[in-house]
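Here's data_29.txt, which has compact mmCIF, C-alpha atoms:
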```txt
# COMPACT_ATOMS: atom_id res chain seq x y z
CA ASP C 89 0.00 0.00 0.00
CA GLU C 90 2.92 2.33 0.68
CA VAL C 91 6.41 2.51 -0.83
CA TRP C 92 9.31 3.45 1.44
CA CYS C 93 12.83 4.46 0.44
CA GLN C 94 15.97 4.56 2.56
CA GLY C 95 17.63 7.94 3.00
CA PHE C 96 20.91 6.72 4.44
CA SER C 97 23.85 7.16 2.01
CA GLU C 98 25.24 10.56 1.09
CA PRO C 99 27.87 11.66 -1.45
CA ASP C 100 30.55 11.58 1.30
CA ALA C 101 28.93 8.96 3.55
CA GLY C 102 28.40 5.64 1.82
CA SER C 103 30.30 2.75 3.38
CA ASP C 104 31.25 5.13 6.21
CA LEU C 105 27.64 5.87 7.02
CA ALA C 106 28.44 7.56 10.33
CA ALA C 107 30.06 10.38 8.34
CA LEU C 108 26.63 11.65 7.22
CA ARG C 109 26.15 15.42 7.31
CA THR C 110 22.47 16.03 6.54
CA ARG C 111 21.45 18.33 9.40
CA ALA C 112 18.22 18.54 11.38
CA TRP C 113 17.41 20.98 14.14
CA ARG C 114 14.37 21.16 16.38
CA ASP C 115 11.90 23.98 15.78
CA GLY C 116 8.84 23.58 17.98
CA ASP C 117 7.04 20.36 17.05
CA ASP C 118 9.13 19.82 13.91
CA TYR C 119 12.63 18.99 12.81
CA VAL C 120 13.94 21.18 10.00
CA VAL C 121 16.15 19.14 7.65
CA THR C 122 18.73 20.35 5.13
CA GLY C 123 21.15 18.20 3.16
CA SER C 124 21.21 15.53 0.46
CA LYS C 125 21.10 11.77 0.01
CA ILE C 126 22.25 9.54 -2.84
CA TRP C 127 21.60 5.99 -4.10
CA THR C 128 18.11 6.29 -2.62
CA SER C 129 16.33 3.29 -4.12
CA HIS C 130 12.96 4.09 -5.75
CA ALA C 131 12.78 7.56 -4.21
CA GLU C 132 10.93 8.66 -7.35
CA VAL C 133 7.87 6.59 -6.38
CA ALA C 134 8.24 6.43 -2.59
CA ASP C 135 5.62 7.73 -0.19
CA TRP C 136 7.94 7.80 2.82
CA CYS C 137 11.66 7.91 3.52
CA GLU C 138 13.59 6.28 6.37
CA LEU C 139 15.79 9.32 6.90
CA LEU C 140 19.01 9.57 8.91
CA VAL C 141 19.94 13.05 10.04
CA ARG C 142 22.59 14.58 12.29
CA THR C 143 20.92 16.30 15.24
CA ASP C 144 23.99 16.85 17.43
CA PRO C 145 27.08 17.87 15.44
CA GLU C 146 29.14 18.11 18.65
CA ALA C 147 28.52 14.50 19.73
CA PRO C 148 30.73 11.57 18.67
CA ARG C 149 29.62 10.85 15.13
CA HIS C 150 27.78 7.58 15.93
CA ARG C 151 25.87 9.25 18.76
CA GLY C 152 24.54 12.41 17.14
CA ILE C 153 22.27 10.73 14.57
CA THR C 154 18.46 10.56 14.59
CA TRP C 155 16.09 8.36 12.54
CA LEU C 156 13.03 10.14 11.06
CA ALA C 157 10.09 8.99 8.94
CA MET C 158 9.82 11.72 6.31
CA PRO C 159 6.87 12.06 3.91
CA MET C 160 8.27 12.35 0.40
CA ASP C 161 5.66 14.91 -0.62
CA ALA C 162 6.82 17.39 2.03
CA PRO C 163 7.75 20.87 0.71
CA GLY C 164 11.48 21.16 0.07
CA VAL C 165 12.04 17.56 -1.10
CA THR C 166 13.53 17.27 -4.61
CA VAL C 167 14.19 13.89 -6.26
CA ARG C 168 16.59 13.49 -9.18
CA PRO C 169 16.66 9.94 -10.67
CA LEU C 170 20.02 8.37 -11.54
CA ARG C 171 20.47 6.19 -14.63
CA THR C 172 22.14 2.84 -13.94
CA LEU C 173 24.46 0.73 -16.11
CA ALA C 174 21.43 -1.38 -17.04
CA GLY C 175 19.53 1.71 -18.21
CA SER C 176 17.03 1.73 -15.34
CA HIS C 177 16.32 4.50 -12.84
CA GLU C 178 15.82 2.73 -9.53
CA PHE C 179 18.33 4.99 -7.75
CA ALA C 180 17.98 8.71 -7.11
CA GLU C 181 19.54 11.73 -5.49
CA VAL C 182 17.33 13.42 -2.90
CA PHE C 183 17.83 17.08 -1.99
CA LEU C 184 16.36 18.45 1.24
CA ASP C 185 15.90 22.20 1.60
CA GLU C 186 14.58 23.06 5.08
CA VAL C 187 12.09 20.20 5.01
CA ARG C 188 9.87 20.15 8.08
CA VAL C 189 9.35 16.69 9.58
CA PRO C 190 7.09 16.33 12.64
CA ALA C 191 8.99 15.33 15.78
CA ALA C 192 6.28 12.69 16.25
CA ASN C 193 7.80 10.92 13.20
CA ARG C 194 11.03 10.21 15.06
CA VAL C 195 11.79 6.52 15.65
CA GLY C 196 13.63 6.01 18.93
CA ALA C 197 15.13 8.80 20.98
CA GLU C 198 16.87 11.84 19.57
CA ASN C 199 20.53 11.03 18.86
CA ASP C 200 19.81 7.29 19.17
CA GLY C 201 19.43 6.80 15.42
CA TRP C 202 22.55 4.66 15.01
CA ARG C 203 21.04 1.90 17.15
CA VAL C 204 17.79 2.04 15.17
CA THR C 205 19.82 1.97 11.95
CA MET C 206 21.68 -1.19 12.97
CA VAL C 207 18.34 -2.92 13.53
CA THR C 208 17.11 -1.66 10.15
CA LEU C 209 20.23 -2.95 8.38
CA SER C 210 20.08 -6.31 10.19
CA PHE C 211 16.67 -6.94 8.66
CA GLU C 212 17.74 -5.62 5.26
CA ARG C 213 20.77 -7.92 5.13
CA GLY C 214 19.29 -10.89 6.97
CA THR C 215 15.72 -11.27 5.69
CA ALA C 216 14.96 -8.81 2.88
CA PHE C 217 16.57 -10.94 0.17
CA VAL C 218 14.28 -13.94 0.67
CA GLY C 219 12.46 -13.43 -2.64
CA GLU C 220 15.72 -12.91 -4.49
CA VAL C 221 17.18 -16.20 -3.24
CA VAL C 222 14.05 -17.98 -4.49
CA ALA C 223 14.38 -16.20 -7.85
CA CYS C 224 18.07 -17.13 -8.17
CA ARG C 225 17.31 -20.79 -7.52
CA ARG C 226 14.67 -20.64 -10.24
CA VAL C 227 17.14 -19.02 -12.66
CA LEU C 228 19.65 -21.77 -11.91
CA GLY C 229 17.10 -24.44 -12.92
CA ASP C 230 16.28 -22.53 -16.08
CA LEU C 231 19.99 -22.24 -16.91
CA ALA C 232 20.42 -26.00 -16.66
CA ARG C 233 17.53 -26.53 -19.06
CA VAL C 234 18.94 -24.04 -21.58
CA ALA C 235 22.37 -25.66 -21.27
CA HIS C 236 20.85 -29.05 -22.09
CA ALA C 237 19.09 -27.54 -25.10
CA ASN C 238 22.04 -25.64 -26.63
CA GLY C 239 24.74 -28.22 -25.93
CA THR C 240 26.75 -26.31 -23.33
CA TRP C 241 25.79 -28.96 -20.78
CA ASP C 242 28.40 -31.22 -22.43
CA ASP C 243 31.11 -29.02 -20.87
CA PRO C 244 32.08 -30.72 -17.55
CA GLY C 245 33.45 -27.42 -16.24
CA LEU C 246 30.06 -25.77 -16.71
CA ARG C 247 28.28 -28.67 -15.03
CA ARG C 248 30.58 -28.39 -12.00
CA ARG C 249 30.00 -24.63 -11.95
CA LEU C 250 26.21 -24.99 -11.94
CA GLY C 251 26.41 -27.79 -9.37
CA ARG C 252 28.46 -25.66 -7.01
CA LEU C 253 26.03 -22.76 -7.43
CA ASN C 254 23.17 -25.10 -6.64
CA ALA C 255 24.90 -26.00 -3.38
CA GLU C 256 25.60 -22.31 -2.68
CA PHE C 257 21.98 -21.26 -3.05
CA ARG C 258 20.69 -24.22 -1.05
CA ALA C 259 23.03 -23.15 1.76
CA LEU C 260 21.95 -19.51 1.42
CA TRP C 261 18.31 -20.57 1.62
CA ARG C 262 19.02 -22.44 4.86
CA LEU C 263 20.91 -19.41 6.22
CA THR C 264 17.94 -17.20 5.33
CA GLN C 265 15.62 -19.53 7.25
CA TRP C 266 17.99 -19.37 10.22
CA ASN C 267 18.02 -15.55 10.11
CA VAL C 268 14.22 -15.41 9.99
CA SER C 269 13.97 -17.82 12.93
CA GLU C 270 16.46 -15.75 14.91
CA ALA C 271 14.47 -12.60 14.17
CA GLU C 272 11.32 -14.29 15.45
CA GLY C 273 13.08 -15.32 18.65
CA ARG C 274 15.24 -12.25 19.38
CA GLY C 275 13.36 -9.57 17.48
CA VAL C 276 16.33 -8.94 15.17
CA PRO C 277 18.35 -11.22 12.83
CA GLY C 278 21.71 -10.23 14.33
CA VAL C 279 25.10 -10.39 12.63
CA GLY C 280 24.13 -13.52 10.69
CA GLY C 281 22.64 -11.09 8.18
CA SER C 282 26.13 -9.88 7.30
CA VAL C 283 27.28 -13.46 6.65
CA PHE C 284 24.34 -13.94 4.31
CA LYS C 285 24.75 -10.58 2.55
CA LEU C 286 28.47 -11.11 1.96
CA ARG C 287 28.09 -14.51 0.34
CA TYR C 288 24.84 -13.81 -1.49
CA SER C 289 26.27 -10.71 -3.23
CA HIS C 290 29.09 -12.74 -4.75
CA ALA C 291 26.98 -15.82 -5.48
CA ARG C 292 24.53 -13.69 -7.45
CA GLN C 293 27.35 -12.29 -9.58
CA GLU C 294 28.71 -15.80 -10.14
CA LEU C 295 25.24 -17.02 -11.16
CA TYR C 296 24.89 -14.45 -13.91
CA ASP C 297 28.48 -14.98 -15.04
CA ALA C 298 27.50 -18.63 -15.48
CA ALA C 299 24.44 -17.47 -17.42
CA ALA C 300 26.76 -15.60 -19.80
CA ALA C 301 28.74 -18.81 -20.32
CA VAL C 302 25.54 -20.68 -21.18
CA LEU C 303 24.30 -17.94 -23.53
CA GLY C 304 27.63 -17.53 -25.32
CA PRO C 305 27.57 -14.66 -27.86
CA ASP C 306 23.91 -13.99 -26.96
CA ALA C 307 25.16 -12.68 -23.59
CA LEU C 308 25.82 -9.39 -25.43
CA ASP C 309 22.17 -9.09 -26.51
CA LEU C 310 20.37 -6.85 -24.00
CA ASP C 311 17.03 -8.30 -25.08
CA ARG C 312 17.96 -11.80 -23.95
CA PRO C 313 16.95 -13.07 -20.50
CA TRP C 314 19.54 -12.66 -17.72
CA VAL C 315 21.72 -10.13 -19.59
CA LEU C 316 20.41 -7.05 -17.77
CA ASP C 317 20.34 -9.10 -14.55
CA ARG C 318 24.06 -9.68 -15.01
CA LEU C 319 24.68 -5.92 -15.18
CA SER C 320 22.45 -5.34 -12.17
CA ALA C 321 24.28 -8.02 -10.17
CA LEU C 322 27.46 -5.95 -10.28
CA SER C 323 25.92 -3.53 -7.77
CA TYR C 324 25.17 -6.15 -5.12
CA THR C 325 28.66 -6.09 -3.60
CA ILE C 326 28.02 -2.39 -2.88
CA ALA C 327 24.28 -2.19 -2.12
CA ALA C 328 23.05 -2.69 1.47
CA GLY C 329 26.63 -2.43 2.76
CA THR C 330 29.78 -3.18 0.77
CA SER C 331 31.46 -6.57 0.97
CA GLN C 332 34.42 -4.91 2.69
CA ILE C 333 32.15 -3.59 5.45
CA GLN C 334 30.46 -7.00 5.83
CA ARG C 335 33.87 -8.66 6.22
CA ASN C 336 34.73 -6.18 8.99
CA ILE C 337 31.45 -6.94 10.78
CA VAL C 338 31.95 -10.69 10.52
CA ALA C 339 35.59 -10.41 11.65
CA GLU C 340 34.88 -8.18 14.65
CA ARG C 341 31.43 -9.26 15.85
CA ILE C 342 31.46 -12.98 15.06
CA LEU C 343 35.12 -14.01 15.03
CA GLY C 344 36.17 -11.56 17.75
CA LEU C 345 39.13 -10.20 15.80
CA PRO C 346 40.55 -6.78 16.75
CA LYS C 347 39.40 -3.76 14.81
CA GLY C 348 41.50 -2.83 11.79
CA ARG C 349 43.63 0.27 11.93
```
Represent the supplied structure as structure tokens.
Amino acid sequence: DEVWCQGFSEPDAGSDLAALRTRAWRDGDDYVVTGSKIWTSHAEVADWCELLVRTDPEAPRHRGITWLAMPMDAPGVTVRPLRTLAGSHEFAEVFLDEVRVPAANRVGAENDGWRVTMVTLSFERGTAFVGEVVACRRVLGDLARVAHANGTWDDPGLRRRLGRLNAEFRALWRLTQWNVSEAEGRGVPGVGGSVFKLRYSHARQELYDAAAAVLGPDALDLDRPWVLDRLSALSYTIAAGTSQIQRNIVAERILGLPKGR
């Protein structure tokens, strides 16, 4: 019924999200917001935005952030779509010029937005890709059928490649089920979402690379199935937290390794 977008990343605050600089200050019953966001998925059709703003510039950078629910039709909101490599426009820049957001739309306490954000990202990484795992497993079955039909199945290297991907996506499906179960029990998926996100991003790219091997020269035809998906898959090691960030989370919060310097 409603479409929401995520106003997290900024031109100078992507992987280092705590570096965000979009400001908000309290004015009576409202927050007044000025700044900009980038890579805001489907902002052009969204009704609401999960918006991160800096409400205390003097606080340590993780502690001066607040999470607001901003209506996208508020005065002062400008959306500029961005064209992707695949020719689509699912990303956008969002410019905020003294946008008034009711203080009642704050989620959590003022300056406690980083904690709320970590919960948000745990769900995004741990459970939000359920449908995409199902779709990838379906694509893998379709690839095998096309390979049988066009003769590429005779290549033992390709068969091993598809077999390994089948095992990968079966394991990812089980990990997704585990994350959902953990969310039901604890209220949040936890750091297991980063394990899933890290491996899924790369497995998806490997799946569509295998599709290119099955298609052969047709992999250059943008009208063929899976070709645009292959281009789109390139963004998955960046979207929802880069693979480098996920490795840091896994190393520090699961394996207990010291923080990198």
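Checking C:Phe284, C:Trp314, C:Phe211, C:Trp127 one by one against C:Glu181, counting only C-alpha atoms, you find the shortest gap at C:Trp127.
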Hey, which of C:Met158, C:Met206, C:Cys93, C:Ile337 ends up closest to C:His130? Count all atoms listed in the file.
-> C:Cys93
Among C:His236, C:His290, C:Arg213, C:Arg171, C:Ala271 is approached most closely, using only C-alpha atoms, by C:Arg213
Can you list, as JSON, numbers by chain, every protein, DNA or RNA residue that comes within 8 Å of C:Val315 when you count all atoms listed in the file, leaving out same-chain residues fewer than 6 positions away?
-> {"C": [296, 300, 307, 308, 309]}
Computed interatomic separation between atom CA of C:Glu270 and atom CA of C:Ser289 (Å) =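 Atom CA of C:Ser289 lies 21.2 Å from atom CA of C:Glu270.
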Between C:Ala299, C:Ala180, C:Ala259, C:Ala328, which one has atoms that come closest to C:Thr240, using all atoms listed in the file?
-> C:Ala299
Can you find the residues with an atom no farther than 9 Å from (21.9, 12.0, 17.2), counting all atoms listed in the file, and report them as a list in words?
->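 The distance filter leaves exactly Val141, Arg142, Thr143, Asp144, Pro145, Ala147, Pro148, Arg149, His150, Arg151, Gly152, Ile153, Thr154, Trp155, Ala197, Glu198, Asn199, Asp200, Gly201 and Trp202 of chain C.
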Just write the chosen residues, C-alpha atoms, as an mmCIF file, in the coordinates of the input.
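Output (out06.cif):
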```
data_model
loop_
_atom_site.group_PDB
_atom_site.id
_atom_site.type_symbol
_atom_site.label_atom_id
_atom_site.label_comp_id
_atom_site.auth_asym_id
_atom_site.auth_seq_id
_atom_site.Cartn_x
_atom_site.Cartn_y
_atom_site.Cartn_z
ATOM 1 C CA VAL C 141 19.940 13.050 10.040
ATOM 2 C CA ARG C 142 22.590 14.580 12.290
ATOM 3 C CA THR C 143 20.920 16.300 15.240
ATOM 4 C CA ASP C 144 23.990 16.850 17.430
ATOM 5 C CA PRO C 145 27.080 17.870 15.440
ATOM 6 C CA ALA C 147 28.520 14.500 19.730
ATOM 7 C CA PRO C 148 30.730 11.570 18.670
ATOM 8 C CA ARG C 149 29.620 10.850 15.130
ATOM 9 C CA HIS C 150 27.780 7.580 15.930
ATOM 10 C CA ARG C 151 25.870 9.250 18.760
ATOM 11 C CA GLY C 152 24.540 12.410 17.140
ATOM 12 C CA ILE C 153 22.270 10.730 14.570
ATOM 13 C CA THR C 154 18.460 10.560 14.590
ATOM 14 C CA TRP C 155 16.090 8.360 12.540
ATOM 15 C CA ALA C 197 15.130 8.800 20.980
ATOM 16 C CA GLU C 198 16.870 11.840 19.570
ATOM 17 C CA ASN C 199 20.530 11.030 18.860
ATOM 18 C CA ASP C 200 19.810 7.290 19.170
ATOM 19 C CA GLY C 201 19.430 6.800 15.420
ATOM 20 C CA TRP C 202 22.550 4.660 15.010
#
```
Using all atoms listed in the file, find each residue of stretch 184-214 of chain C with at least one atom at most 12 Å away from an atom of stretch 100-114 of chain C; report its shortest atom-to-atom pair and that distance in Å (one decimal), sort the rows by chain and rising residue number, and return the result as CSV.
```
residue,atom,partner,partner_atom,distance
C:Leu184,CA,C:Thr110,CA,8.4
C:Asp185,CA,C:Thr110,CA,10.3
C:Glu186,CA,C:Ala112,CA,8.6
C:Val187,CA,C:Ala112,CA,9.0
C:Arg188,CA,C:Ala112,CA,9.1
C:Val189,CA,C:Ala112,CA,9.2
C:Pro190,CA,C:Arg114,CA,9.5
C:Ala191,CA,C:Arg114,CA,8.0
C:Ala192,CA,C:Arg114,CA,11.7
C:Arg194,CA,C:Arg114,CA,11.5
C:Glu198,CA,C:Arg114,CA,10.2
C:Asn199,CA,C:Ala112,CA,10.8
C:Gly201,CA,C:Ala106,CA,10.4
C:Trp202,CA,C:Ala106,CA,8.1
C:Arg203,CA,C:Ala106,CA,11.5
C:Thr205,CA,C:Leu105,CA,10.0
C:Met206,CA,C:Leu105,CA,11.0
C:Leu209,CA,C:Leu105,CA,11.6
```
Between atom CA of C:Phe179 and atom CA of C:Arg312 lies a distance of 23.3 Å
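For the set C:Ala216, C:Ala298, C:Val182, C:Ala255, the residue with the smallest atom-to-atom gap to C:Asp161 is C:Val182, counting all atoms listed in the file.
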